[in-house]
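Source file: structure04.txt. Holds: compact mmCIF, C-alpha atoms (C1' of nucleotides).
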```txt
# COMPACT_ATOMS: atom_id res chain seq x y z
CA MET P 1 94.76 103.51 101.10
CA ILE P 2 97.95 104.67 102.64
CA ILE P 3 99.71 102.31 104.96
CA LEU P 4 102.03 104.68 106.76
CA SER P 5 100.67 107.63 108.65
CA LYS P 6 101.96 111.02 107.69
CA LEU P 7 103.90 111.33 110.90
CA ALA P 8 105.60 108.02 110.29
CA ASP P 9 106.46 109.14 106.80
CA TYR P 10 107.98 112.31 108.19
CA GLY P 11 109.85 110.22 110.69
CA VAL P 12 111.57 108.26 107.97
CA ILE P 13 112.40 111.41 106.06
CA ILE P 14 113.91 112.99 109.12
CA ALA P 15 115.81 109.91 110.16
CA THR P 16 117.13 109.53 106.65
CA HIS P 17 118.27 113.08 106.67
CA LEU P 18 120.10 112.45 109.90
CA ALA P 19 121.66 109.39 108.36
CA GLU P 20 123.08 111.54 105.59
CA ASN P 21 125.23 113.48 107.99
CA PRO P 22 126.11 111.20 110.83
CA ASP P 23 127.97 112.58 113.84
CA ARG P 24 126.53 115.98 113.21
CA GLN P 25 124.34 117.39 115.92
CA VAL P 26 121.30 118.95 114.31
CA THR P 27 118.64 120.97 116.04
CA ALA P 28 114.96 120.48 115.40
CA VAL P 29 114.57 123.80 113.65
CA ALA P 30 117.52 123.12 111.40
CA LEU P 31 116.08 119.74 110.49
CA ALA P 32 112.76 121.34 109.74
CA ALA P 33 114.39 123.88 107.50
CA GLU P 34 116.49 121.32 105.67
CA THR P 35 113.64 118.93 105.07
CA ARG P 36 111.08 121.67 104.32
CA LEU P 37 108.71 120.25 106.86
CA PRO P 38 106.70 122.22 109.42
CA GLN P 39 108.79 123.02 112.43
CA ALA P 40 106.41 122.06 115.18
CA THR P 41 105.67 118.73 113.61
CA VAL P 42 109.31 117.91 113.16
CA ALA P 43 109.84 118.61 116.82
CA LYS P 44 107.00 116.29 117.70
CA VAL P 45 108.32 113.51 115.54
CA LEU P 46 111.79 113.87 116.97
CA LYS P 47 110.40 113.50 120.44
CA ALA P 48 108.85 110.22 119.45
CA LEU P 49 112.02 109.04 117.77
CA SER P 50 114.01 109.92 120.83
CA HIS P 51 111.56 108.06 122.97
CA GLY P 52 111.87 105.04 120.75
CA GLY P 53 115.64 105.02 120.92
CA VAL P 54 116.17 105.85 117.28
CA VAL P 55 117.83 109.19 117.89
CA ILE P 56 119.70 110.63 120.82
CA ALA P 57 118.81 114.05 122.04
CA ALA P 58 121.21 116.53 123.60
CA ARG P 59 119.53 119.19 125.63
CA GLY P 60 120.60 122.67 126.48
CA ALA P 61 122.23 125.28 124.33
CA SER P 62 124.04 123.79 121.36
CA GLY P 63 121.94 120.71 121.81
CA GLY P 64 120.35 118.77 119.02
CA TYR P 65 119.70 115.31 117.69
CA LYS P 66 121.69 112.60 116.07
CA LEU P 67 121.15 108.94 115.28
CA ALA P 68 121.45 106.61 118.20
CA ARG P 69 123.30 104.02 116.15
CA ARG P 70 124.88 103.63 112.79
CA ALA P 71 122.47 104.00 109.93
CA GLN P 72 122.90 100.39 108.86
CA ALA P 73 121.74 99.24 112.26
CA ILE P 74 118.43 101.08 112.13
CA SER P 75 115.61 99.65 110.08
CA VAL P 76 112.67 101.50 108.67
CA ALA P 77 110.44 99.28 110.75
CA GLU P 78 112.06 100.63 113.87
CA VAL P 79 111.49 104.21 112.86
CA VAL P 80 107.90 103.58 111.96
CA SER P 81 107.03 101.70 115.10
CA ALA P 82 108.73 104.34 117.21
CA ILE P 83 106.09 106.72 115.97
CA ASP P 84 103.02 104.66 115.29
CA GLY P 85 103.49 101.74 117.61
CA ALA P 86 103.60 98.09 116.73
CA ILE P 87 102.74 97.22 113.18
CA GLY P 88 99.86 94.89 112.48
CA VAL P 89 97.62 94.20 109.54
CA THR P 90 94.34 93.84 111.34
CA GLU P 91 93.05 94.41 114.80
CA CYS P 92 93.58 90.77 115.75
CA THR P 93 97.21 90.81 114.80
CA VAL P 94 98.15 93.52 117.21
CA HIS P 95 96.30 93.06 120.41
CA THR P 96 95.18 90.05 122.18
CA PRO P 97 92.38 88.56 120.22
CA SER P 98 89.42 89.33 122.36
CA CYS P 99 86.97 89.00 119.54
CA GLU P 100 84.61 86.09 119.76
CA ARG P 101 85.52 84.98 116.30
CA THR P 102 89.09 84.25 117.26
CA ASP P 103 88.68 80.61 117.94
CA PHE P 104 86.71 79.48 115.00
CA CYS P 105 87.85 82.02 112.45
CA PRO P 106 90.13 80.37 109.95
CA THR P 107 91.48 83.60 108.54
CA ARG P 108 93.75 84.49 111.40
CA PRO P 109 96.76 82.44 110.41
CA HIS P 110 96.64 83.94 106.98
CA TRP P 111 96.60 87.42 108.40
CA GLN P 112 99.60 86.62 110.48
CA ARG P 113 101.34 85.36 107.43
CA ILE P 114 100.66 88.60 105.58
CA ASN P 115 101.69 90.47 108.66
CA ARG P 116 105.04 88.80 108.78
CA ALA P 117 105.61 89.67 105.16
CA VAL P 118 104.96 93.32 105.77
CA GLY P 119 107.16 93.35 108.82
CA ALA P 120 109.94 91.65 106.94
CA ALA P 121 109.68 94.19 104.16
CA LEU P 122 110.00 97.09 106.54
CA GLN P 123 112.77 95.50 108.51
CA SER P 124 114.88 94.61 105.55
CA VAL P 125 115.46 98.21 104.60
CA THR P 126 117.80 100.22 106.77
CA LEU P 127 118.38 103.93 106.89
CA ALA P 128 121.68 103.37 105.18
CA ASP P 129 119.77 101.82 102.29
CA MET P 130 117.45 104.77 102.19
CA VAL P 131 120.30 107.17 101.70
CA MET P 132 121.80 105.24 98.83
CA PRO P 133 120.25 105.92 95.50
CA ALA P 134 118.83 102.61 94.51
CA PHE P 135 119.67 101.72 90.98
CA SER P 136 119.46 98.12 91.86
CA PHE P 137 115.72 97.90 91.48
CA PRO P 138 115.11 97.95 87.80
CA HIS P 139 111.51 98.34 86.97
CA ALA P 140 109.95 99.42 83.81
CA SER P 141 106.35 99.38 84.92
CA GLU P 142 106.83 101.49 87.93
CA THR P 143 103.27 102.60 88.36
CA ALA P 144 101.90 99.19 87.73
CA ALA P 145 104.20 97.74 90.29
CA GLU P 146 103.16 100.32 92.82
CA ARG P 147 99.53 99.56 92.66
CA ILE P 148 98.29 96.36 94.04
CA ALA P 149 95.13 96.02 92.09
CA PRO P 150 93.64 98.05 89.31
CA MET B 25 99.52 101.00 114.04
CA ILE B 26 96.99 99.07 112.12
CA ILE B 27 97.50 98.72 108.42
CA LEU B 28 94.05 97.73 107.28
CA SER B 29 91.09 99.94 108.02
CA LYS B 30 88.21 98.38 109.83
CA LEU B 31 86.09 98.53 106.71
CA ALA B 32 88.70 96.67 104.73
CA ASP B 33 88.89 94.09 107.45
CA TYR B 34 85.15 93.66 107.34
CA GLY B 35 85.38 93.40 103.61
CA VAL B 36 87.65 90.41 103.82
CA ILE B 37 85.46 88.77 106.43
CA ILE B 38 82.40 89.25 104.28
CA ALA B 39 84.06 88.14 101.10
CA THR B 40 85.41 85.10 102.87
CA HIS B 41 81.99 84.28 104.12
CA LEU B 42 80.66 84.51 100.60
CA ALA B 43 83.45 82.25 99.47
CA GLU B 44 82.28 79.63 101.92
CA ASN B 45 78.98 79.23 100.16
CA PRO B 46 79.49 79.99 96.53
CA ASP B 47 76.57 80.19 94.15
CA ARG B 48 74.31 81.16 96.97
CA GLN B 49 72.65 84.52 96.70
CA VAL B 50 72.90 86.24 100.06
CA THR B 51 71.28 89.50 101.05
CA ALA B 52 73.11 92.17 102.96
CA VAL B 53 71.08 91.65 106.10
CA ALA B 54 71.62 87.92 106.03
CA LEU B 55 75.33 88.43 105.67
CA ALA B 56 75.32 90.85 108.55
CA ALA B 57 73.52 88.35 110.71
CA GLU B 58 75.80 85.50 109.80
CA THR B 59 78.99 87.44 110.34
CA ARG B 60 77.73 89.25 113.45
CA LEU B 61 78.68 92.57 111.98
CA PRO B 62 76.58 95.74 112.03
CA GLN B 63 74.04 95.70 109.26
CA ALA B 64 74.55 99.17 107.86
CA THR B 65 78.26 98.73 107.65
CA VAL B 66 77.96 95.43 105.88
CA ALA B 67 75.72 97.07 103.34
CA LYS B 68 78.24 99.81 102.79
CA VAL B 69 81.09 97.39 102.39
CA LEU B 70 79.11 95.34 99.91
CA LYS B 71 78.47 98.42 97.84
CA ALA B 72 82.17 99.05 97.63
CA LEU B 73 82.87 95.42 96.79
CA SER B 74 80.26 95.50 94.09
CA HIS B 75 81.75 98.65 92.69
CA GLY B 76 85.15 97.06 92.66
CA GLY B 77 83.93 94.00 90.82
CA VAL B 78 84.55 91.60 93.64
CA VAL B 79 80.91 90.68 94.12
CA ILE B 80 77.91 90.82 91.86
CA ALA B 81 74.76 92.45 93.11
CA ALA B 82 71.25 91.47 92.14
CA ARG B 83 68.65 94.08 92.87
CA GLY B 84 65.00 93.77 93.55
CA ALA B 85 63.13 91.25 95.63
CA SER B 86 65.08 88.05 96.05
CA GLY B 87 68.19 89.96 95.20
CA GLY B 88 71.47 89.66 96.99
CA TYR B 89 75.16 89.28 96.49
CA LYS B 90 77.53 86.62 95.39
CA LEU B 91 81.17 86.47 94.40
CA ALA B 92 81.91 87.72 90.94
CA ARG B 93 84.41 84.94 90.29
CA ARG B 94 85.64 81.78 91.88
CA ALA B 95 87.22 82.24 95.26
CA GLN B 96 90.62 81.16 94.02
CA ALA B 97 90.59 83.94 91.49
CA ILE B 98 90.07 86.71 94.02
CA SER B 99 92.98 87.90 96.09
CA VAL B 100 92.85 89.65 99.39
CA ALA B 101 94.58 92.58 97.75
CA GLU B 102 91.64 92.96 95.41
CA VAL B 103 89.15 93.01 98.23
CA VAL B 104 91.12 95.52 100.20
CA SER B 105 91.72 97.88 97.34
CA ALA B 106 88.07 97.68 96.34
CA ILE B 107 87.30 99.29 99.65
CA ASP B 108 90.23 101.49 100.49
CA GLY B 109 91.58 102.28 97.08
CA ALA B 110 95.03 101.58 95.77
CA ILE B 111 97.47 100.38 98.35
CA GLY B 112 100.59 102.36 98.93
CA VAL B 113 103.08 102.72 101.70
CA THR B 114 103.48 106.46 101.61
CA GLU B 115 101.81 109.38 100.00
CA CYS B 116 104.30 109.43 97.14
CA THR B 117 103.70 105.86 96.21
CA VAL B 118 100.06 106.34 95.48
CA HIS B 119 99.44 109.63 93.87
CA THR B 120 101.34 111.59 91.45
CA PRO B 121 104.39 112.78 93.15
CA SER B 122 103.61 116.43 93.44
CA CYS B 123 105.96 116.99 96.29
CA GLU B 124 108.97 119.03 95.47
CA ARG B 125 111.19 116.40 96.98
CA THR B 126 110.33 113.86 94.35
CA ASP B 127 113.18 114.53 92.06
CA PHE B 128 116.07 114.62 94.40
CA CYS B 129 114.81 112.33 97.11
CA PRO B 130 116.62 109.02 97.01
CA THR B 131 114.18 107.20 99.22
CA ARG B 132 111.46 106.72 96.67
CA PRO B 133 112.78 103.59 95.02
CA HIS B 134 113.12 101.96 98.39
CA TRP B 135 109.55 102.78 99.26
CA GLN B 136 108.48 101.24 96.03
CA ARG B 137 110.39 98.14 96.89
CA ILE B 138 108.67 97.86 100.25
CA ASN B 139 105.42 98.60 98.54
CA ARG B 140 105.84 95.75 96.11
CA ALA B 141 106.58 93.40 98.94
CA VAL B 142 103.40 94.33 100.72
CA GLY B 143 101.45 94.01 97.54
CA ALA B 144 102.88 90.61 96.85
CA ALA B 145 101.94 89.46 100.30
CA LEU B 146 98.37 90.56 99.88
CA GLN B 147 98.08 89.22 96.41
CA SER B 148 99.44 85.84 97.23
CA VAL B 149 96.51 85.02 99.46
CA THR B 150 93.20 84.29 97.81
CA LEU B 151 89.77 84.00 99.31
CA ALA B 152 89.97 80.28 98.81
CA ASP B 153 93.04 80.27 101.00
CA MET B 154 91.26 82.27 103.61
CA VAL B 155 88.54 79.71 103.92
CA MET B 156 90.94 76.85 104.36
CA PRO B 157 92.29 76.34 107.82
CA ALA B 158 95.92 77.09 107.41
CA PHE B 159 97.70 74.10 108.79
CA SER B 160 98.53 72.98 105.38
CA PHE B 161 99.63 75.89 103.47
CA PRO B 162 102.51 75.33 101.21
CA HIS B 163 105.80 76.55 102.54
CA ALA B 164 106.99 77.46 99.14
CA SER B 165 104.45 80.20 98.67
CA GLU B 166 104.90 81.31 102.22
CA THR B 167 108.55 82.07 101.89
CA ALA B 168 107.91 83.65 98.56
CA ALA B 169 105.35 85.91 100.08
CA GLU B 170 107.61 86.88 102.90
CA ARG B 171 110.61 87.61 100.86
CA ILE B 172 111.12 91.18 99.89
CA ALA B 173 110.65 91.84 96.25
CA PRO B 174 114.00 92.23 94.56
C1' DC X 27 48.99 95.06 83.75
C1' DT X 28 49.51 97.41 88.10
C1' DC X 29 50.99 97.75 92.57
C1' DA X 30 53.44 96.80 96.55
C1' DA X 31 57.20 94.61 98.81
C1' DT X 32 61.98 93.90 98.84
C1' DT X 33 66.54 94.86 97.87
C1' DC X 34 70.47 97.52 96.17
C1' DG X 35 72.57 102.40 95.22
C1' DG X 36 73.99 106.95 96.30
C1' DA X 37 73.98 111.17 99.25
C1' DC X 38 74.30 112.98 103.82
C1' DC X 39 75.85 113.57 108.90
C1' DG X 40 77.85 112.96 113.42
C1' DG X 41 81.74 111.15 116.33
C1' DG X 42 86.34 110.07 116.99
C1' DT X 43 91.02 109.82 115.78
C1' DT X 44 94.91 112.11 113.90
C1' DA X 45 97.65 116.06 112.32
C1' DG X 46 99.44 120.18 113.63
C1' DT X 47 100.24 124.14 117.02
C1' DA X 48 101.43 126.55 121.17
C1' DC X 49 102.84 126.99 125.56
C1' DC X 50 105.66 126.31 129.75
C1' DG X 51 109.13 123.88 132.45
C1' DA X 52 113.78 121.53 132.45
C1' DT X 53 118.53 121.45 131.09
C1' DT X 54 122.97 122.97 129.58
C1' DA X 55 126.73 125.99 127.32
C1' DG X 56 128.92 130.19 127.55
C1' DC W 1 122.86 134.62 134.79
C1' DT W 2 121.27 134.32 130.17
C1' DA W 3 120.28 132.34 125.93
C1' DA W 4 119.34 128.34 123.47
C1' DT W 5 117.43 123.89 123.10
C1' DC W 6 114.86 119.71 124.36
C1' DG W 7 110.61 117.50 126.96
C1' DG W 8 105.97 117.31 128.12
C1' DT W 9 101.24 118.67 128.06
C1' DA W 10 97.25 120.85 126.53
C1' DC W 11 94.67 122.62 122.86
C1' DT W 12 92.57 123.40 118.13
C1' DA W 13 91.55 122.03 113.37
C1' DA W 14 90.94 118.69 109.87
C1' DC W 15 90.06 114.49 108.17
C1' DC W 16 88.27 109.81 107.94
C1' DC W 17 85.38 106.15 109.70
C1' DG W 18 81.15 104.44 110.67
C1' DG W 19 76.30 104.88 110.57
C1' DT W 20 71.61 106.65 108.83
C1' DC W 21 68.49 108.15 105.48
C1' DC W 22 65.93 108.26 101.21
C1' DG W 23 65.62 107.15 96.14
C1' DA W 24 66.12 103.52 92.14
C1' DA W 25 65.51 98.95 90.38
C1' DT W 26 63.39 94.50 90.26
C1' DT W 27 60.39 90.85 91.41
C1' DG W 28 56.08 88.61 92.48
C1' DA W 29 51.16 88.86 93.71
C1' DG W 30 46.65 90.30 92.73
```

Now that the file is in, can you turn its structure into structure tokens?
Amino acid sequence: MIILSKLADYGVIIATHLAENPDRQVTAVALAAETRLPQATVAKVLKALSHGGVVIAARGASGGYKLARRAQAISVAEVVSAIDGAIGVTECTVHTPSCERTDFCPTRPHWQRINRAVGAALQSVTLADMVMPAFSFPHASETAAERIAP
Amino acid sequence: MIILSKLADYGVIIATHLAENPDRQVTAVALAAETRLPQATVAKVLKALSHGGVVIAARGASGGYKLARRAQAISVAEVVSAIDGAIGVTECTVHTPSCERTDFCPTRPHWQRINRAVGAALQSVTLADMVMPAFSFPHASETAAERIAP
DNA sequence: CTCAATTCGGACCGGGTTAGTACCGATTAG
DNA sequence: CTAATCGGTACTAACCCGGTCCGAATTGAG
């Protein structure tokens, strides 16, 4: 299973690309060309990012997008939730628990615990981190580490 | 956005229910009744769990399901990946990186790092934990689960 | 020993969400 | 004024989820 939606994935790619050249105003079509992603989709993602306050849009001729803040101040979690909404592990963790099980179901606290872990993971990585090549994570068994269970 | 699919969520509910009465052989319809989940879906989930080695199925009259191992030995990650397949944050983290970006894209190691964190969170919770009401879970493992993998 | 009842196992199908596209209006620089 | 660019909405296509159906295996009765 894939956790992030494709759009959210694109969002991070695009935001990261913006983080590489800060202060530069880039148009949607240019971003699409530079990231090799479909133009229309890039435009759509940028709209969402703008809406979420991750990027700032300049309209009109010679308009374009750039990051709303410094790259270090923007976490991956922010980018993702700008596109896909709040992050939650299960149904109960995101909206109000209207399910009848809520009261007597003992699993909820555990879900919330897992949820916090995921959120922390996404929040701890900023766009500035994403740009840096990350030698600092030495791992021999890359594929094994990537899979949760065989 | 919701991370777990509904089926995976059901899977955990069902597996947890099985963990509550170990050694008891329960049929799919009984499980559906006891968990208040739709019968057909429960059956489907159980098939996947059986395939993934989480539960053991007995066919024929007086057949049914039971956990393949003790509840402490089965992690939530196992249940989830039995249903939804390997867990990965993005496309690249699960299948072979066929995208052209793979080689030059610096974000991959960071994704893997996030991925490991999520995996650790899911693996750190067993079915036995899920059954226990969570007032008393050890803080040590909690912080460990929440910390991002180095 | 045979048959029927019961249960799991695998293939198939429809509905709904998501990805992706296209259009038109709004805004701004030159 | 014109060209370029973002913003919003509507639309189509694809995929995945959830559910249903029928066949395979096993048990227990006659």

query: Using all atoms listed in the file, which of B:Ser148, B:Gln96, B:Ser86, B:Asn45 sits nearest chain W?
result: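 Checking each of B:Ser148, B:Gln96, B:Ser86, B:Asn45 against chain W, counting all atoms listed in the file, the winner is B:Ser86.
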
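Relative to atom CA of P:Asp9, atom CA of B:Thr114 is found at 6.6 Å.
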
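If you take all atoms listed in the file and a cut-off of 7 Å, the residues of chain X that reach chain B are X:DT32, X:DT33, X:DC34.
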
- prompt: Closest to P:Leu18 among P:Leu67, P:Ala73, P:Leu37, P:Leu122, using all atoms listed in the file?
  reply: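 Counting all atoms listed in the file, the residue closest to P:Leu18 is P:Leu67.
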
task: May I ask you to extract the residues of chain P within 6 Å of chain B, using all atoms listed in the file, and to give them as a PyMOL selection string?
output: chain P and resi 1-4+84-90+106-107+114+117-118+121+130+133+147-149

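Minimum distance to chain W across B:Ala64, B:Ala56, B:Val69, B:Ala39 (counting only C-alpha atoms (C1' of nucleotides)) occurs at B:Ala64.
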
message: Residues of chain W were defined as contacting chain P if any atom lay at most 9 Å from it, counting all atoms listed in the file; please report them as a PyMOL selection string.
response: chain W and resi 3-7

message: One decimal, in Å: what's the spacing between atom CA of B:Ile80 and atom CA of B:Ala92?
response: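 It comes out at 5.1 Å.
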
- request: Provide the atom CA of P:Ala128 to atom CA of P:Val55 distance in Å, to one decimal place.
  value: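 That distance, rounded to one decimal, is 14.5 Å.
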
Any idea what's packed within 10 Å of X:DA37, counting all atoms listed in the file, ignoring anything in its chain fewer than 5 positions away? Could you give it as an mmCIF file with C-alpha atoms (C1' of nucleotides), keeping the file's coordinate frame?
```cif
data_model
loop_
_atom_site.group_PDB
_atom_site.id
_atom_site.type_symbol
_atom_site.label_atom_id
_atom_site.label_comp_id
_atom_site.auth_asym_id
_atom_site.auth_seq_id
_atom_site.Cartn_x
_atom_site.Cartn_y
_atom_site.Cartn_z
ATOM 1 C "C1'" DC W 21 68.490 108.150 105.480
ATOM 2 C "C1'" DC W 22 65.930 108.260 101.210
ATOM 3 C "C1'" DG W 23 65.620 107.150 96.140
#
```

field: Nearest to P:Arg69, chosen from P:Arg24, P:Val54, P:Ile14, P:Ala33, with all atoms listed in the file counted in the distances
entry: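 Residue with the minimum atom-to-atom distance to P:Arg69: P:Val54.
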
- request: Would you be able to write out as an MDAnalysis selection string which residues have an atom within 12 Å of (89.8, 108.1, 118.0) in the file's coordinates, counting only C-alpha atoms (C1' of nucleotides)?
  value: (chainID X and resid 41:44) or (chainID W and resid 15:18)

If I wrap all listed atoms of stretch 92-102 of chain B in a box with edges along x, y and z and add 8 Å on each side, what are its centre and edge lengths in Å to one decimal, as JSON?
```
{"center_x": 88.2, "center_y": 87.1, "center_z": 94.8, "size_x": 28.7, "size_y": 27.8, "size_z": 25.1}
```

Spatial neighbours of W:DG30, max dist 10 Å, all atoms listed in the file, sep filter under 2 positions, as a PDB file with C-alpha atoms (C1' of nucleotides), keeping the file's coordinate frame:
```
ATOM      1  C1'  DT X  28      49.510  97.410  88.100  1.00  0.00           C
ATOM      2  C1'  DC X  29      50.990  97.750  92.570  1.00  0.00           C
TER       3       DC X  29
ATOM      4  C1'  DG W  28      56.080  88.610  92.480  1.00  0.00           C
TER       5       DG W  28
END
```

Output requested as a CSV table (one decimal), in the coordinates of the input - stretch 140-149 of chain B, filled out with all heavy atoms.
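Below you can see part_17.csv, which holds the result:
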```csv
chain,number,residue,atom,x,y,z
B,140,ARG,N,106.0,97.0,96.9
B,140,ARG,CA,105.8,95.8,96.1
B,140,ARG,C,105.8,94.5,97.0
B,140,ARG,O,105.0,93.6,96.8
B,140,ARG,CB,107.0,95.6,95.1
B,140,ARG,CG,106.8,96.4,93.9
B,140,ARG,CD,107.6,95.9,92.7
B,140,ARG,NE,109.0,95.8,93.1
B,140,ARG,CZ,109.9,96.8,92.9
B,140,ARG,NH1,109.5,97.9,92.5
B,140,ARG,NH2,111.1,96.6,93.3
B,141,ALA,N,106.6,94.5,98.0
B,141,ALA,CA,106.6,93.4,98.9
B,141,ALA,C,105.2,93.3,99.6
B,141,ALA,O,104.7,92.2,99.7
B,141,ALA,CB,107.7,93.6,100.0
B,142,VAL,N,104.7,94.4,100.1
B,142,VAL,CA,103.4,94.3,100.7
B,142,VAL,C,102.3,93.8,99.7
B,142,VAL,O,101.5,93.0,100.1
B,142,VAL,CB,103.0,95.7,101.3
B,142,VAL,CG1,101.6,95.7,101.8
B,142,VAL,CG2,104.0,96.1,102.3
B,143,GLY,N,102.4,94.4,98.6
B,143,GLY,CA,101.4,94.0,97.5
B,143,GLY,C,101.5,92.5,97.2
B,143,GLY,O,100.5,91.9,97.1
B,144,ALA,N,102.7,92.0,97.1
B,144,ALA,CA,102.9,90.6,96.8
B,144,ALA,C,102.3,89.8,98.0
B,144,ALA,O,101.6,88.7,97.7
B,144,ALA,CB,104.4,90.3,96.7
B,145,ALA,N,102.5,90.2,99.2
B,145,ALA,CA,101.9,89.5,100.3
B,145,ALA,C,100.4,89.4,100.2
B,145,ALA,O,99.8,88.4,100.4
B,145,ALA,CB,102.4,90.1,101.6
B,146,LEU,N,99.8,90.5,99.9
B,146,LEU,CA,98.4,90.6,99.9
B,146,LEU,C,97.8,89.8,98.7
B,146,LEU,O,96.7,89.3,98.7
B,146,LEU,CB,97.9,92.0,99.9
B,146,LEU,CG,97.4,92.6,101.2
B,146,LEU,CD1,98.5,92.5,102.2
B,146,LEU,CD2,97.0,94.0,101.1
B,147,GLN,N,98.6,89.9,97.6
B,147,GLN,CA,98.1,89.2,96.4
B,147,GLN,C,98.2,87.7,96.4
B,147,GLN,O,97.5,87.0,95.8
B,147,GLN,CB,98.8,89.8,95.2
B,147,GLN,CG,98.1,91.0,94.6
B,147,GLN,CD,98.8,91.5,93.4
B,147,GLN,OE1,100.0,91.3,93.3
B,147,GLN,NE2,98.1,92.1,92.5
B,148,SER,N,99.2,87.3,97.2
B,148,SER,CA,99.4,85.8,97.2
B,148,SER,C,98.4,85.0,98.0
B,148,SER,O,98.4,83.8,97.9
B,148,SER,CB,100.8,85.6,97.8
B,148,SER,OG,100.8,85.7,99.2
B,149,VAL,N,97.5,85.7,98.7
B,149,VAL,CA,96.5,85.0,99.5
B,149,VAL,C,95.2,85.2,98.8
B,149,VAL,O,94.7,86.4,98.6
B,149,VAL,CB,96.5,85.5,100.9
B,149,VAL,CG1,95.4,84.8,101.7
B,149,VAL,CG2,97.8,85.3,101.6
```
